[in-house]
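Peer 1: One structure, pasted below without further comment.
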Amino acid sequence: MTRQTTTTTLFSIALCVLFTTTSAWSASKLSRRELFHAAVSGAAAGVALAVPQASNAASDIDILVEELLASKSKIQEIPDLLQAKDWEKVRSILKTPPVNKLWNLGDSQNPVLKLAKETDNVDLFELKDELAYNLQMADELTYNNVFVYFQPGDGKIKIKEPTQAARKALEDLDQIITESKN
């Protein structure tokens, strides 16, 4: 849960407590001391409710890191598949979950962006872009290999370049995972 959501939740609880205690005060004519005691008790309850949400944030980070590890295990297969000239399997890995969330589905589903927001680590924003670029290049270069025989030009299959892009993406993922643990 983000800080903004936690703040919003605490503010909502405080307003409810204030409304409840004000209503109780006007209905039963509590003294100011009793009203103050009720408001402080309600605020303490609000803080107590927010503490489990903080522990949920830690579990959210763990879930996001697990998703990144799953993506990493999929991407590790790509260099061997490129050597075998199995273009469709490479593209399938890049275009299906969890890997496609890293570069192909937008920021709303990107686990690196979510991790950056959860951990307040601004370095992850730049790493997210580098990772997305490398995965996009691996996909584009692999896609070009599918059609090399039908296109004008030298007709050379490129294995080195998409392999380098995939390896660089793996380095980016390792760095993101390391940064998220700090």
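Following the order of the structure tokens, first chain is A, next is B, and so on, with residues numbered from 1 inside each chain and ligands from 1 in the order they appear.
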Would you mind listing what lies within 8 Å of Lys74 in chain A as a PyMOL selection string, with only C-alpha atoms counted and same-chain residues fewer than 4 positions away left out?
Peer 2: chain A and resi 70+78+93+99
Peer 1: Convert the current residue selection to file output with N, CA, C and O atoms, as a JSON list (two decimals), in the first residue's frame.
Peer 2:
[["chain", "number", "residue", "atom", "x", "y", "z"],
["A", 70, "ALA", "N", 10.37, -14.61, -11.80],
["A", 70, "ALA", "CA", 9.72, -15.47, -12.81],
["A", 70, "ALA", "C", 10.03, -14.97, -14.21],
["A", 70, "ALA", "O", 10.31, -15.77, -15.12],
["A", 78, "ILE", "N", 16.06, -17.31, -23.58],
["A", 78, "ILE", "CA", 16.09, -16.66, -24.89],
["A", 78, "ILE", "C", 17.41, -16.86, -25.65],
["A", 78, "ILE", "O", 17.38, -17.20, -26.83],
["A", 93, "ILE", "N", 7.85, -15.88, -25.54],
["A", 93, "ILE", "CA", 8.32, -15.54, -24.19],
["A", 93, "ILE", "C", 8.18, -14.04, -23.96],
["A", 93, "ILE", "O", 7.71, -13.60, -22.91],
["A", 99, "VAL", "N", 6.67, -11.68, -18.65],
["A", 99, "VAL", "CA", 7.68, -10.85, -19.30],
["A", 99, "VAL", "C", 7.05, -9.65, -20.01],
["A", 99, "VAL", "O", 7.59, -8.54, -19.96]]
Peer 1: I'd like the contact shell of Lys89 in chain A - 10 Å cut-off, only C-alpha atoms, skipping same-chain residues fewer than 6 positions apart - returned as a PyMOL selection string.
Peer 2: chain A and resi 77-78+81-82+95
Peer 1: Keeping only all heavy atoms, write the selected residues to a file as a PDB file, in the first residue's frame.
Peer 2:
ATOM      1  N   GLU A  77      16.026 -18.216 -20.985  1.00  0.00           N
ATOM      2  CA  GLU A  77      15.907 -19.210 -22.057  1.00  0.00           C
ATOM      3  C   GLU A  77      16.177 -18.605 -23.439  1.00  0.00           C
ATOM      4  O   GLU A  77      16.481 -19.328 -24.386  1.00  0.00           O
ATOM      5  CB  GLU A  77      14.489 -19.801 -22.063  1.00  0.00           C
ATOM      6  CG  GLU A  77      14.082 -20.497 -20.789  1.00  0.00           C
ATOM      7  CD  GLU A  77      12.610 -20.881 -20.786  1.00  0.00           C
ATOM      8  OE1 GLU A  77      12.007 -20.994 -21.877  1.00  0.00           O
ATOM      9  OE2 GLU A  77      12.055 -21.062 -19.697  1.00  0.00           O
ATOM     10  N   ILE A  78      16.062 -17.309 -23.576  1.00  0.00           N
ATOM     11  CA  ILE A  78      16.095 -16.657 -24.886  1.00  0.00           C
ATOM     12  C   ILE A  78      17.407 -16.858 -25.648  1.00  0.00           C
ATOM     13  O   ILE A  78      17.379 -17.200 -26.834  1.00  0.00           O
ATOM     14  CB  ILE A  78      15.718 -15.163 -24.758  1.00  0.00           C
ATOM     15  CG1 ILE A  78      14.235 -15.060 -24.419  1.00  0.00           C
ATOM     16  CG2 ILE A  78      16.043 -14.390 -26.030  1.00  0.00           C
ATOM     17  CD1 ILE A  78      13.733 -13.651 -24.183  1.00  0.00           C
ATOM     18  N   LEU A  81      17.440 -20.223 -27.298  1.00  0.00           N
ATOM     19  CA  LEU A  81      16.422 -20.309 -28.346  1.00  0.00           C
ATOM     20  C   LEU A  81      16.850 -19.534 -29.601  1.00  0.00           C
ATOM     21  O   LEU A  81      16.547 -19.943 -30.722  1.00  0.00           O
ATOM     22  CB  LEU A  81      15.079 -19.793 -27.834  1.00  0.00           C
ATOM     23  CG  LEU A  81      14.407 -20.646 -26.763  1.00  0.00           C
ATOM     24  CD1 LEU A  81      13.213 -19.917 -26.159  1.00  0.00           C
ATOM     25  CD2 LEU A  81      13.992 -21.985 -27.331  1.00  0.00           C
ATOM     26  N   LEU A  82      17.546 -18.436 -29.408  1.00  0.00           N
ATOM     27  CA  LEU A  82      18.050 -17.684 -30.553  1.00  0.00           C
ATOM     28  C   LEU A  82      19.115 -18.485 -31.305  1.00  0.00           C
ATOM     29  O   LEU A  82      19.136 -18.494 -32.543  1.00  0.00           O
ATOM     30  CB  LEU A  82      18.617 -16.333 -30.107  1.00  0.00           C
ATOM     31  CG  LEU A  82      17.586 -15.293 -29.678  1.00  0.00           C
ATOM     32  CD1 LEU A  82      18.262 -14.126 -28.964  1.00  0.00           C
ATOM     33  CD2 LEU A  82      16.786 -14.808 -30.874  1.00  0.00           C
ATOM     34  N   LYS A  95       6.230 -11.885 -25.408  1.00  0.00           N
ATOM     35  CA  LYS A  95       4.884 -11.327 -25.568  1.00  0.00           C
ATOM     36  C   LYS A  95       3.844 -11.896 -24.603  1.00  0.00           C
ATOM     37  O   LYS A  95       2.675 -11.550 -24.694  1.00  0.00           O
ATOM     38  CB  LYS A  95       4.393 -11.556 -27.008  1.00  0.00           C
ATOM     39  CG  LYS A  95       5.161 -10.804 -28.062  1.00  0.00           C
ATOM     40  CD  LYS A  95       4.740  -9.364 -28.091  1.00  0.00           C
ATOM     41  CE  LYS A  95       5.290  -8.653 -29.305  1.00  0.00           C
ATOM     42  NZ  LYS A  95       4.763  -7.338 -29.456  1.00  0.00           N
TER      43      LYS A  95
END
Peer 1: Write out as JSON lines the residues of range 53-122 of chain A that have any atom within 8 Å of an atom of range 132-140 of chain A, one row each with the nearest atom pair and its distance in Å to one decimal, counting only C-alpha atoms, sorted by chain and then rising number.
Peer 2:
{"residue": "A:Val90", "atom": "CA", "partner": "A:Asp139", "partner_atom": "CA", "distance": 7.8}
{"residue": "A:Arg91", "atom": "CA", "partner": "A:Asp139", "partner_atom": "CA", "distance": 6.1}
{"residue": "A:Leu94", "atom": "CA", "partner": "A:Asp139", "partner_atom": "CA", "distance": 6.7}
{"residue": "A:Leu102", "atom": "CA", "partner": "A:Ala132", "partner_atom": "CA", "distance": 6.1}
{"residue": "A:Trp103", "atom": "CA", "partner": "A:Ala132", "partner_atom": "CA", "distance": 4.4}
{"residue": "A:Asn104", "atom": "CA", "partner": "A:Ala132", "partner_atom": "CA", "distance": 7.8}
Peer 1: Could you write those residues out with C-alpha atoms, as a PDB file, in the first residue's frame?
Peer 2:
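Dumped everything to out36.pdb:
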ATOM      1  CA  VAL A  90      11.516 -16.262 -28.307  1.00  0.00           C
ATOM      2  CA  ARG A  91       8.716 -13.932 -29.324  1.00  0.00           C
ATOM      3  CA  LEU A  94       8.588 -11.811 -24.797  1.00  0.00           C
ATOM      4  CA  LEU A 102       7.905  -5.399 -18.226  1.00  0.00           C
ATOM      5  CA  TRP A 103       7.746  -3.666 -21.583  1.00  0.00           C
ATOM      6  CA  ASN A 104       4.639  -4.274 -23.671  1.00  0.00           C
TER       7      ASN A 104
END
Peer 1: Hey, what's within 7 Å of range 111-113 of chain A if we count only C-alpha atoms and toss same-chain stuff fewer than 6 positions away? As a list in words, please?
Peer 2: Leu64, Leu102, Leu124, Phe125 and Lys128 of chain A
Peer 1: Suppose we keep N, CA, C and O atoms; can you now write the selection as an mmCIF file, in the first residue's frame?
Peer 2:
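Saved result, out-v3.cif, follows:
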data_model
loop_
_atom_site.group_PDB
_atom_site.id
_atom_site.type_symbol
_atom_site.label_atom_id
_atom_site.label_comp_id
_atom_site.auth_asym_id
_atom_site.auth_seq_id
_atom_site.Cartn_x
_atom_site.Cartn_y
_atom_site.Cartn_z
ATOM 1 N N LEU A 64 6.026 -8.636 -5.942
ATOM 2 C CA LEU A 64 6.597 -8.010 -7.136
ATOM 3 C C LEU A 64 7.971 -8.580 -7.456
ATOM 4 O O LEU A 64 8.291 -8.835 -8.620
ATOM 5 N N LEU A 102 6.707 -6.217 -18.422
ATOM 6 C CA LEU A 102 7.905 -5.399 -18.226
ATOM 7 C C LEU A 102 8.117 -4.370 -19.329
ATOM 8 O O LEU A 102 8.861 -3.423 -19.151
ATOM 9 N N LEU A 124 14.886 3.037 -9.802
ATOM 10 C CA LEU A 124 14.149 1.987 -10.512
ATOM 11 C C LEU A 124 13.385 2.526 -11.713
ATOM 12 O O LEU A 124 13.118 1.785 -12.656
ATOM 13 N N PHE A 125 13.057 3.812 -11.713
ATOM 14 C CA PHE A 125 12.360 4.395 -12.867
ATOM 15 C C PHE A 125 13.252 4.332 -14.115
ATOM 16 O O PHE A 125 12.801 3.973 -15.192
ATOM 17 N N LYS A 128 13.727 0.738 -15.216
ATOM 18 C CA LYS A 128 12.518 0.253 -15.894
ATOM 19 C C LYS A 128 12.579 0.578 -17.374
ATOM 20 O O LYS A 128 12.284 -0.269 -18.227
#
Peer 1: Go through A:Ile157, A:Leu127, A:Val148, A:Val65 and flag the residue nearest Glu171 in chain A, using only C-alpha atoms for the distances.
Peer 2: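 Of A:Ile157, A:Leu127, A:Val148, A:Val65, the one nearest Glu171 in chain A, counting only C-alpha atoms, is A:Leu127.
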Peer 1: Quick one: distance from CA of Ala165 in chain A to CA of Asp60 in chain A in Å, one decimal?
Peer 2: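 Going from CA of Ala165 in chain A over to CA of Asp60 in chain A, I get 28.9 Å.
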Peer 1: What residues in range 56-143 of chain A get the DSSP label alpha helix (DSSP H)? Please answer as a ChimeraX atom specification.
Peer 2: /A:56-75,78-83,87-95,111-119,123-143
Peer 1: Which residue is closest to Ala116 in chain A? Choose from A:Tyr149, A:Thr142, A:Ile61, A:Glu130 and count only C-alpha atoms.
Peer 2: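 Comparing A:Tyr149, A:Thr142, A:Ile61, A:Glu130 against Ala116 in chain A, the winner is A:Ile61.
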Peer 1: List the spatial neighbours of Gln83 in chain A as a VMD selection string - criterion: any atom at most 10 Å away, only C-alpha atoms, same-chain residues fewer than 4 positions off excluded.
Peer 2: chain A and resid 78 to 79 87 158 to 160 163
